[in-house]
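Pasting final.txt here (compact mmCIF, N, CA and C atoms):
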```txt
# COMPACT_ATOMS: atom_id res chain seq x y z
N MET F 22 -2.53 6.23 2.91
CA MET F 22 -1.92 5.44 3.96
C MET F 22 -2.72 4.17 4.24
N GLN F 23 -4.02 4.27 4.12
CA GLN F 23 -4.87 3.11 4.34
C GLN F 23 -4.66 2.06 3.26
N ASP F 24 -4.48 2.50 2.01
CA ASP F 24 -4.23 1.55 0.91
C ASP F 24 -2.93 0.81 1.12
N TYR F 25 -1.93 1.51 1.60
CA TYR F 25 -0.63 0.88 1.83
C TYR F 25 -0.73 -0.21 2.89
N LYS F 26 -1.42 0.08 3.98
CA LYS F 26 -1.58 -0.90 5.06
C LYS F 26 -2.39 -2.10 4.58
N LEU F 27 -3.43 -1.84 3.81
CA LEU F 27 -4.27 -2.92 3.29
C LEU F 27 -3.48 -3.82 2.35
N LYS F 28 -2.71 -3.22 1.46
CA LYS F 28 -1.91 -4.00 0.53
C LYS F 28 -0.86 -4.83 1.28
N LEU F 29 -0.27 -4.25 2.29
CA LEU F 29 0.74 -4.96 3.07
C LEU F 29 0.12 -6.15 3.81
N ILE F 30 -1.03 -5.95 4.41
CA ILE F 30 -1.71 -7.03 5.12
C ILE F 30 -2.13 -8.13 4.16
N LEU F 31 -2.69 -7.76 3.01
CA LEU F 31 -3.11 -8.76 2.03
C LEU F 31 -1.92 -9.53 1.46
N THR F 32 -0.81 -8.87 1.25
CA THR F 32 0.39 -9.53 0.75
C THR F 32 0.91 -10.54 1.76
N ILE F 33 0.95 -10.16 3.01
CA ILE F 33 1.43 -11.07 4.05
C ILE F 33 0.49 -12.27 4.19
N LEU F 34 -0.81 -12.03 4.19
CA LEU F 34 -1.76 -13.13 4.31
C LEU F 34 -1.70 -14.08 3.12
N SER F 35 -1.58 -13.52 1.92
CA SER F 35 -1.53 -14.39 0.74
C SER F 35 -0.23 -15.20 0.72
N SER F 36 0.87 -14.63 1.17
CA SER F 36 2.11 -15.39 1.20
C SER F 36 2.04 -16.51 2.24
N ILE F 37 1.38 -16.27 3.36
CA ILE F 37 1.21 -17.32 4.37
C ILE F 37 0.33 -18.45 3.83
N VAL F 38 -0.73 -18.09 3.12
CA VAL F 38 -1.62 -19.11 2.55
C VAL F 38 -0.89 -19.96 1.51
N PHE F 39 -0.15 -19.34 0.61
CA PHE F 39 0.57 -20.10 -0.40
C PHE F 39 1.66 -20.97 0.22
N ALA F 40 2.34 -20.46 1.22
CA ALA F 40 3.36 -21.27 1.90
C ALA F 40 2.71 -22.47 2.58
N PHE F 41 1.56 -22.27 3.19
CA PHE F 41 0.85 -23.36 3.84
C PHE F 41 0.41 -24.42 2.83
N ILE F 42 -0.03 -23.98 1.65
CA ILE F 42 -0.44 -24.92 0.60
C ILE F 42 0.75 -25.75 0.16
N PHE F 43 1.90 -25.13 -0.06
CA PHE F 43 3.07 -25.89 -0.52
C PHE F 43 3.59 -26.83 0.55
N VAL F 44 3.49 -26.44 1.81
CA VAL F 44 3.91 -27.34 2.89
C VAL F 44 2.97 -28.54 2.95
N LEU F 45 1.69 -28.31 2.81
CA LEU F 45 0.74 -29.42 2.79
C LEU F 45 0.99 -30.35 1.61
N LEU F 46 1.28 -29.79 0.45
CA LEU F 46 1.58 -30.63 -0.71
C LEU F 46 2.83 -31.47 -0.49
N ALA F 47 3.79 -30.92 0.19
CA ALA F 47 5.02 -31.67 0.46
C ALA F 47 4.75 -32.87 1.35
N PHE F 48 3.83 -32.73 2.29
CA PHE F 48 3.52 -33.84 3.18
C PHE F 48 2.50 -34.81 2.59
N VAL F 49 1.66 -34.35 1.69
CA VAL F 49 0.59 -35.20 1.15
C VAL F 49 1.09 -36.07 0.02
N THR F 50 2.00 -35.58 -0.79
CA THR F 50 2.44 -36.36 -1.94
C THR F 50 3.21 -37.59 -1.48
N PRO F 51 2.86 -38.74 -2.03
CA PRO F 51 3.51 -39.99 -1.58
C PRO F 51 4.94 -40.10 -2.12
N ILE F 52 5.80 -40.62 -1.28
CA ILE F 52 7.19 -40.84 -1.67
C ILE F 52 7.52 -42.30 -1.36
N LYS F 53 7.99 -43.00 -2.37
CA LYS F 53 8.38 -44.39 -2.17
C LYS F 53 9.87 -44.42 -1.87
N LYS F 54 10.24 -45.12 -0.81
CA LYS F 54 11.65 -45.17 -0.45
C LYS F 54 12.44 -46.10 -1.37
N ASN F 55 11.80 -47.14 -1.85
CA ASN F 55 12.48 -48.11 -2.71
C ASN F 55 12.16 -47.85 -4.18
N GLN F 56 12.34 -46.63 -4.57
CA GLN F 56 12.01 -46.26 -5.94
C GLN F 56 13.15 -46.64 -6.86
N GLN F 57 12.91 -47.57 -7.76
CA GLN F 57 13.93 -48.02 -8.69
C GLN F 57 13.61 -47.45 -10.07
N TYR F 58 14.61 -46.96 -10.71
CA TYR F 58 14.44 -46.42 -12.05
C TYR F 58 14.80 -47.51 -13.04
N GLY F 59 14.00 -47.61 -14.08
CA GLY F 59 14.18 -48.68 -15.06
C GLY F 59 15.51 -48.65 -15.77
N SER F 60 15.84 -47.55 -16.32
CA SER F 60 17.11 -47.47 -17.06
C SER F 60 17.86 -46.22 -16.63
N ILE F 61 18.99 -46.42 -16.02
CA ILE F 61 19.85 -45.30 -15.62
C ILE F 61 21.00 -45.23 -16.62
N LYS F 62 21.04 -44.12 -17.33
CA LYS F 62 22.08 -43.96 -18.35
C LYS F 62 23.38 -43.52 -17.70
N LYS F 63 24.47 -43.99 -18.26
CA LYS F 63 25.77 -43.52 -17.80
C LYS F 63 26.05 -42.17 -18.43
N PRO F 64 26.64 -41.26 -17.68
CA PRO F 64 26.94 -39.94 -18.24
C PRO F 64 28.01 -40.03 -19.32
N LYS F 65 27.80 -39.25 -20.38
CA LYS F 65 28.72 -39.28 -21.52
C LYS F 65 29.65 -38.07 -21.52
N SER F 66 29.09 -36.90 -21.40
CA SER F 66 29.92 -35.71 -21.49
C SER F 66 30.34 -35.25 -20.09
N THR F 67 31.22 -34.27 -20.06
CA THR F 67 31.72 -33.75 -18.79
C THR F 67 30.60 -33.10 -17.99
N LEU F 68 29.73 -32.37 -18.67
CA LEU F 68 28.62 -31.71 -18.00
C LEU F 68 27.68 -32.74 -17.37
N GLU F 69 27.43 -33.83 -18.09
CA GLU F 69 26.57 -34.88 -17.55
C GLU F 69 27.23 -35.55 -16.35
N LYS F 70 28.55 -35.71 -16.39
CA LYS F 70 29.25 -36.32 -15.25
C LYS F 70 29.15 -35.43 -14.02
N ILE F 71 29.30 -34.12 -14.21
CA ILE F 71 29.21 -33.19 -13.09
C ILE F 71 27.79 -33.19 -12.52
N SER F 72 26.81 -33.22 -13.41
CA SER F 72 25.41 -33.23 -12.97
C SER F 72 25.11 -34.51 -12.21
N HIS F 73 25.60 -35.63 -12.72
CA HIS F 73 25.38 -36.92 -12.07
C HIS F 73 26.07 -36.96 -10.70
N ALA F 74 27.24 -36.39 -10.60
CA ALA F 74 27.96 -36.35 -9.32
C ALA F 74 27.22 -35.46 -8.32
N ALA F 75 26.63 -34.39 -8.80
CA ALA F 75 25.92 -33.49 -7.90
C ALA F 75 24.63 -34.13 -7.38
N LYS F 76 23.99 -34.95 -8.21
CA LYS F 76 22.76 -35.61 -7.80
C LYS F 76 23.04 -36.74 -6.82
N ASN F 77 24.14 -37.44 -6.98
CA ASN F 77 24.43 -38.59 -6.13
C ASN F 77 25.50 -38.21 -5.22
```

Have the structure of the file written as structure tokens, please.
Amino acid sequence: MQDYKLKLILTILSSIVFAFIFVLLAFVTPIKKNQQYGSIKKPKSTLEKISHAAKN
């Protein structure tokens, strides 16, 4: 019973730590609002058109 409680506590703590790391990375990484891409290809196939529509 003690092993089960210990594993549960360690799992919860490790998930909180990893979530905190990813949240920090999301705020620390720089994002440029005026990001221009050099060459934007026009979609050729139907799948590419659907993907392009989903992104924009």

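CA of Ala47 (chain F) is positioned 26.3 Å from atom C of Ile71 (chain F).
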
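Distance-wise, atom N of Leu45 (chain F) and atom N of Lys76 (chain F) end up 25.7 Å apart.
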
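Our summary of the geometry notes that CA of Leu34 (chain F) is positioned 25.6 Å from atom C of Thr50 (chain F).
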